[in-house]
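Enquirer: For reference, the file model_1.cif (mmCIF, C-alpha atoms) is included below:
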data_work
loop_
_atom_site.group_PDB
_atom_site.id
_atom_site.type_symbol
_atom_site.label_atom_id
_atom_site.label_comp_id
_atom_site.auth_asym_id
_atom_site.auth_seq_id
_atom_site.Cartn_x
_atom_site.Cartn_y
_atom_site.Cartn_z
ATOM 1 C CA MET A 1 64.859 115.150 101.361
ATOM 2 C CA GLU A 2 62.597 114.680 98.375
ATOM 3 C CA ASN A 3 63.608 117.828 96.520
ATOM 4 C CA ILE A 4 65.409 121.120 96.831
ATOM 5 C CA VAL A 5 62.270 123.189 97.358
ATOM 6 C CA ASP A 6 61.344 121.044 100.367
ATOM 7 C CA GLU A 7 64.782 121.727 101.855
ATOM 8 C CA LEU A 8 64.550 125.462 101.124
ATOM 9 C CA THR A 9 61.159 125.568 102.845
ATOM 10 C CA LEU A 10 62.602 123.897 105.958
ATOM 11 C CA ILE A 11 65.528 126.344 106.043
ATOM 12 C CA HIS A 12 63.127 129.273 105.603
ATOM 13 C CA ASN A 13 60.896 128.074 108.454
ATOM 14 C CA GLU A 14 63.912 127.598 110.707
ATOM 15 C CA ASN A 15 64.999 131.219 110.164
ATOM 16 C CA PHE A 16 61.879 133.327 109.756
ATOM 17 C CA GLU A 17 58.806 134.014 111.877
ATOM 18 C CA ASN A 18 56.481 133.880 108.856
ATOM 19 C CA LYS A 19 56.335 130.131 108.318
ATOM 20 C CA VAL A 20 55.412 128.803 104.880
ATOM 21 C CA ASP A 21 54.229 125.504 103.531
ATOM 22 C CA LEU A 22 55.530 123.896 100.369
ATOM 23 C CA HIS A 23 52.924 125.612 98.229
ATOM 24 C CA SER A 24 53.654 129.134 99.402
ATOM 25 C CA PHE A 25 57.444 129.218 99.465
ATOM 26 C CA PRO A 26 58.510 132.662 98.132
ATOM 27 C CA THR A 27 59.403 131.317 94.708
ATOM 28 C CA ARG A 28 56.297 129.205 94.134
ATOM 29 C CA ARG A 29 53.429 130.086 91.892
ATOM 30 C CA SER A 30 50.161 128.283 91.294
ATOM 31 C CA SER A 31 50.335 124.522 90.942
ATOM 32 C CA ASP A 32 53.957 124.045 91.990
ATOM 33 C CA LEU A 33 55.550 126.126 89.226
ATOM 34 C CA MET A 34 58.712 128.019 90.067
ATOM 35 C CA ILE A 35 59.024 131.626 88.939
ATOM 36 C CA LEU A 36 62.689 131.343 88.172
ATOM 37 C CA ASN A 37 62.110 132.616 84.694
ATOM 38 C CA GLY A 38 63.559 136.073 84.716
ATOM 39 C CA GLN A 39 62.662 138.180 87.711
ATOM 40 C CA TYR A 40 63.802 135.718 90.407
ATOM 41 C CA GLU A 41 67.067 133.838 90.798
ATOM 42 C CA ILE A 42 67.881 131.310 93.524
ATOM 43 C CA TYR A 43 71.404 130.285 94.460
ATOM 44 C CA CYS A 44 71.971 127.410 96.872
ATOM 45 C CA LEU A 45 75.075 126.609 98.873
ATOM 46 C CA PHE A 46 75.563 122.850 98.675
ATOM 47 C CA ASN A 47 77.928 120.745 100.719
ATOM 48 C CA PHE A 48 79.233 117.605 99.037
ATOM 49 C CA GLY A 49 81.292 116.424 101.982
ATOM 50 C CA GLU A 50 84.399 117.648 103.757
ATOM 51 C CA GLU A 51 85.260 121.207 102.659
ATOM 52 C CA ASN A 52 83.635 120.789 99.256
ATOM 53 C CA ASN A 53 81.036 123.577 99.194
ATOM 54 C CA LYS A 54 79.593 124.763 95.892
ATOM 55 C CA ILE A 55 77.184 127.535 95.024
ATOM 56 C CA ILE A 56 74.800 126.521 92.276
ATOM 57 C CA LYS A 57 72.153 128.662 90.601
ATOM 58 C CA LEU A 58 68.825 126.907 90.222
ATOM 59 C CA LYS A 59 67.186 127.402 86.874
ATOM 60 C CA LYS A 60 63.828 125.716 87.381
ATOM 61 C CA GLU A 61 62.253 123.128 89.634
ATOM 62 C CA SER A 62 63.607 120.346 87.449
ATOM 63 C CA ASP A 63 66.997 121.420 88.800
ATOM 64 C CA VAL A 64 66.051 119.341 91.835
ATOM 65 C CA ASP A 65 68.719 117.046 90.495
ATOM 66 C CA ASN A 66 70.333 119.326 87.950
ATOM 67 C CA GLU A 67 73.381 118.221 86.006
ATOM 68 C CA LYS A 68 75.908 120.133 88.116
ATOM 69 C CA VAL A 69 74.546 118.648 91.343
ATOM 70 C CA ILE A 70 74.485 115.114 89.906
ATOM 71 C CA LYS A 71 78.060 115.411 88.560
ATOM 72 C CA LEU A 72 79.413 116.780 91.838
ATOM 73 C CA ARG A 73 77.580 114.146 93.842
ATOM 74 C CA LYS A 74 79.003 111.341 91.675
ATOM 75 C CA LYS A 75 82.490 112.868 91.667
ATOM 76 C CA ASN A 76 82.538 113.086 95.452
ATOM 77 C CA ASN A 77 80.550 109.899 96.046
ATOM 78 C CA THR A 78 78.313 111.730 98.501
ATOM 79 C CA GLU A 79 74.826 113.107 98.924
ATOM 80 C CA LYS A 80 74.208 116.804 98.503
ATOM 81 C CA LYS A 81 73.279 118.842 101.540
ATOM 82 C CA ILE A 82 71.907 122.364 101.241
ATOM 83 C CA LEU A 83 73.483 124.694 103.783
ATOM 84 C CA GLY A 84 71.572 127.793 102.689
ATOM 85 C CA TYR A 85 70.088 129.816 99.882
ATOM 86 C CA VAL A 86 69.604 133.340 98.605
ATOM 87 C CA VAL A 87 66.750 134.613 96.443
ATOM 88 C CA PHE A 88 67.260 137.661 94.224
ATOM 89 C CA TYR A 89 64.544 139.720 92.549
ATOM 90 C CA GLY A 90 65.671 141.649 89.504
ATOM 91 C CA THR A 91 64.567 144.937 88.050
ATOM 92 C CA ILE A 92 66.215 147.265 85.592
ATOM 93 C CA GLU A 93 67.027 149.729 88.393
ATOM 94 C CA ASN A 94 68.464 147.299 90.943
ATOM 95 C CA THR A 95 68.720 143.720 92.122
ATOM 96 C CA ASP A 96 66.946 143.096 95.424
ATOM 97 C CA ILE A 97 68.048 140.453 97.868
ATOM 98 C CA PHE A 98 64.605 139.053 98.526
ATOM 99 C CA GLU A 99 65.650 136.495 101.138
ATOM 100 C CA ILE A 100 68.758 134.772 102.445
ATOM 101 C CA ALA A 101 68.926 131.955 104.979
ATOM 102 C CA ILE A 102 71.559 129.552 106.290
ATOM 103 C CA LYS A 103 70.651 126.449 108.290
ATOM 104 C CA LYS A 104 70.952 127.275 111.977
ATOM 105 C CA GLU A 105 73.615 124.629 112.563
ATOM 106 C CA TYR A 106 75.882 126.251 109.935
ATOM 107 C CA GLN A 107 75.434 129.888 110.934
ATOM 108 C CA GLY A 108 78.468 131.833 112.111
ATOM 109 C CA GLN A 109 80.842 129.906 109.832
ATOM 110 C CA SER A 110 81.035 132.460 106.969
ATOM 111 C CA PHE A 111 78.657 130.515 104.719
ATOM 112 C CA GLY A 112 76.308 133.516 104.388
ATOM 113 C CA GLU A 113 79.218 135.689 103.286
ATOM 114 C CA LYS A 114 80.391 133.092 100.763
ATOM 115 C CA LEU A 115 76.882 132.603 99.403
ATOM 116 C CA LEU A 116 76.210 136.330 98.999
ATOM 117 C CA LYS A 117 79.568 137.251 97.509
ATOM 118 C CA GLU A 118 79.697 134.449 94.963
ATOM 119 C CA SER A 119 76.061 134.671 93.902
ATOM 120 C CA MET A 120 76.230 138.462 93.520
ATOM 121 C CA GLU A 121 79.400 138.114 91.437
ATOM 122 C CA ASP A 122 77.625 135.552 89.271
ATOM 123 C CA ILE A 123 74.622 137.827 88.711
ATOM 124 C CA VAL A 124 76.887 140.715 87.697
ATOM 125 C CA LYS A 125 78.933 138.497 85.392
ATOM 126 C CA LYS A 126 76.110 136.494 83.783
ATOM 127 C CA ASN A 127 73.247 138.975 83.519
ATOM 128 C CA ILE A 128 72.488 137.763 80.020
ATOM 129 C CA ASN A 129 68.793 138.593 79.804
ATOM 130 C CA GLY A 130 69.139 142.032 81.397
ATOM 131 C CA ASN A 131 66.521 141.385 84.103
ATOM 132 C CA PHE A 132 68.978 142.246 86.856
ATOM 133 C CA SER A 133 70.841 145.459 87.548
ATOM 134 C CA LYS A 134 74.549 144.814 87.091
ATOM 135 C CA ASN A 135 75.743 147.372 89.560
ATOM 136 C CA LYS A 136 73.174 148.068 92.286
ATOM 137 C CA PHE A 137 72.029 145.600 94.956
ATOM 138 C CA MET A 138 69.460 146.499 97.596
ATOM 139 C CA LEU A 139 67.963 144.801 100.635
ATOM 140 C CA GLU A 140 65.852 145.365 103.711
ATOM 141 C CA VAL A 141 66.811 143.967 107.084
ATOM 142 C CA ASN A 142 65.354 144.354 110.553
ATOM 143 C CA GLU A 143 67.459 146.993 112.264
ATOM 144 C CA LYS A 144 67.596 144.723 115.331
ATOM 145 C CA ASN A 145 69.251 141.920 113.340
ATOM 146 C CA VAL A 146 72.809 142.844 114.308
ATOM 147 C CA LYS A 147 74.434 139.723 112.796
ATOM 148 C CA ALA A 148 72.866 140.359 109.394
ATOM 149 C CA LEU A 149 73.752 144.067 109.480
ATOM 150 C CA LYS A 150 77.394 143.213 110.234
ATOM 151 C CA LEU A 151 77.489 140.697 107.387
ATOM 152 C CA TYR A 152 75.983 143.113 104.866
ATOM 153 C CA GLU A 153 78.331 145.923 105.899
ATOM 154 C CA LYS A 154 81.306 143.550 105.743
ATOM 155 C CA ILE A 155 80.612 142.817 102.075
ATOM 156 C CA GLY A 156 80.107 146.485 101.191
ATOM 157 C CA PHE A 157 76.449 147.368 101.767
ATOM 158 C CA GLU A 158 75.733 150.836 103.127
ATOM 159 C CA ARG A 159 72.760 151.956 105.198
ATOM 160 C CA ILE A 160 70.706 154.390 103.153
ATOM 161 C CA SER A 161 67.281 154.673 104.789
ATOM 162 C CA ILE A 162 64.871 153.338 107.410
ATOM 163 C CA ARG A 163 61.314 152.119 106.870
ATOM 164 C CA LYS A 164 59.463 152.680 110.114
ATOM 165 C CA ASN A 165 57.328 149.811 111.429
ATOM 166 C CA TYR A 166 58.012 147.746 108.289
ATOM 167 C CA TYR A 167 58.030 144.448 110.203
ATOM 168 C CA GLY A 168 55.395 145.555 112.730
ATOM 169 C CA LYS A 169 55.127 148.051 115.562
ATOM 170 C CA ASN A 170 58.619 149.309 116.469
ATOM 171 C CA GLU A 171 60.154 146.803 114.033
ATOM 172 C CA ASN A 172 61.943 149.004 111.516
ATOM 173 C CA ALA A 173 63.645 147.928 108.311
ATOM 174 C CA MET A 174 67.088 149.212 107.462
ATOM 175 C CA ILE A 175 67.377 149.782 103.703
ATOM 176 C CA MET A 176 70.863 148.968 102.458
ATOM 177 C CA MET A 177 72.526 149.312 99.079
ATOM 178 C CA LYS A 178 75.730 148.162 97.435
ATOM 179 C CA ILE A 179 77.053 149.615 94.193
ATOM 180 C CA THR A 180 79.463 147.276 92.400
#
Turn the structure described in the file into structure tokens.

Expert:
Amino acid sequence: MENIVDELTLIHNENFENKVDLHSFPTRRSSDLMILNGQYEIYCLFNFGEENNKIIKLKKESDVDNEKVIKLRKKNNTEKKILGYVVFYGTIENTDIFEIAIKKEYQGQSFGEKLLKESMEDIVKKNINGNFSKNKFMLEVNEKNVKALKLYEKIGFERISIRKNYYGKNENAMIMMKIT
């Protein structure tokens, strides 16, 4: 895979009905610039072989081969493989989980739980610039997505509201919140 954004786009398209191309991935802005400059944060779950899974926060597109990834790859003498990602959108009031996806072949193996827990802990701990709420996380999920609802409830999210027809006719969004 040429770069991380290409891999994230493939994972997105594997998991969501609204397919995107490389130039319209949720974190892209005009002319291939990433908007990972304050309001958005992306965390990727990398596999470096065996049971060696690491969650790494991307800082900008040049992180395609960021120092952490390069060091881990050299240390383990293996290529990196992205298993999934989560995108957060920060406001003063709360931190929204904008999107989370795990490659289909790795779903059901607790990688989504690991990715969410560790990345949320990191945001709470390292919210240096103040663009993210330290104690309130929110998300929307299709109320028919039972697996996702179970995962979110398992890590402490509570159902707080429903947005009728949010995803289309009779496709409601469950609004969930977690206070840390």

Enquirer: Using all atoms listed in the file for the distances, tell me which of A:Met174, A:Ile82, A:Cys44, A:Ile160 is nearest to Lys104 (chain A).

Expert: A:Ile82

Enquirer: When distances are computed from only C-alpha atoms, which of A:Lys178, A:Lys19, A:Lys81, A:Lys144 shows the smallest separation from Ile97 (chain A)?

Expert: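 Once distances to Ile97 (chain A) are computed over only C-alpha atoms, the minimum belongs to A:Lys178.
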
Enquirer: I need every residue sitting at most 12 Å from the point (62.5, 144.7, 92.0) (coordinates as in the file, all atoms listed in the file considered), written as a list in words.

Expert: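 Checking each residue against the 12 Å limit leaves Gly38, Gln39, Tyr40, Glu41, Val87, Phe88, Tyr89, Gly90, Thr91, Ile92, Glu93, Asn94, Thr95, Asp96, Ile97, Phe98, Asn131, Phe132, Ser133, Lys136, Phe137, Met138 and Leu139 of chain A.
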
Enquirer: Those residues you just picked out, can you put them in a file as a PDB file, keeping the file's coordinate frame with C-alpha atoms?

Expert:
ATOM      1  CA  GLY A  38      63.559 136.073  84.716  1.00  0.00           C
ATOM      2  CA  GLN A  39      62.662 138.180  87.711  1.00  0.00           C
ATOM      3  CA  TYR A  40      63.802 135.718  90.407  1.00  0.00           C
ATOM      4  CA  GLU A  41      67.067 133.838  90.798  1.00  0.00           C
ATOM      5  CA  VAL A  87      66.750 134.613  96.443  1.00  0.00           C
ATOM      6  CA  PHE A  88      67.260 137.661  94.224  1.00  0.00           C
ATOM      7  CA  TYR A  89      64.544 139.720  92.549  1.00  0.00           C
ATOM      8  CA  GLY A  90      65.671 141.649  89.504  1.00  0.00           C
ATOM      9  CA  THR A  91      64.567 144.937  88.050  1.00  0.00           C
ATOM     10  CA  ILE A  92      66.215 147.265  85.592  1.00  0.00           C
ATOM     11  CA  GLU A  93      67.027 149.729  88.393  1.00  0.00           C
ATOM     12  CA  ASN A  94      68.464 147.299  90.943  1.00  0.00           C
ATOM     13  CA  THR A  95      68.720 143.720  92.122  1.00  0.00           C
ATOM     14  CA  ASP A  96      66.946 143.096  95.424  1.00  0.00           C
ATOM     15  CA  ILE A  97      68.048 140.453  97.868  1.00  0.00           C
ATOM     16  CA  PHE A  98      64.605 139.053  98.526  1.00  0.00           C
ATOM     17  CA  ASN A 131      66.521 141.385  84.103  1.00  0.00           C
ATOM     18  CA  PHE A 132      68.978 142.246  86.856  1.00  0.00           C
ATOM     19  CA  SER A 133      70.841 145.459  87.548  1.00  0.00           C
ATOM     20  CA  LYS A 136      73.174 148.068  92.286  1.00  0.00           C
ATOM     21  CA  PHE A 137      72.029 145.600  94.956  1.00  0.00           C
ATOM     22  CA  MET A 138      69.460 146.499  97.596  1.00  0.00           C
ATOM     23  CA  LEU A 139      67.963 144.801 100.635  1.00  0.00           C
TER      24      LEU A 139
END

Enquirer: Would you compute the distance between CA of Glu121 (chain A) and CA of Thr180 (chain A)? Give it in Å to one decimal.

Expert: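 Distance reported for this atom pair: 9.2 Å.
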
Enquirer: Take CA of Glu158 (chain A) and CA of Val86 (chain A) and report the distance between them in Å, one decimal.

Expert: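 Separation between CA of Glu158 (chain A) and CA of Val86 (chain A): 19.1 Å.
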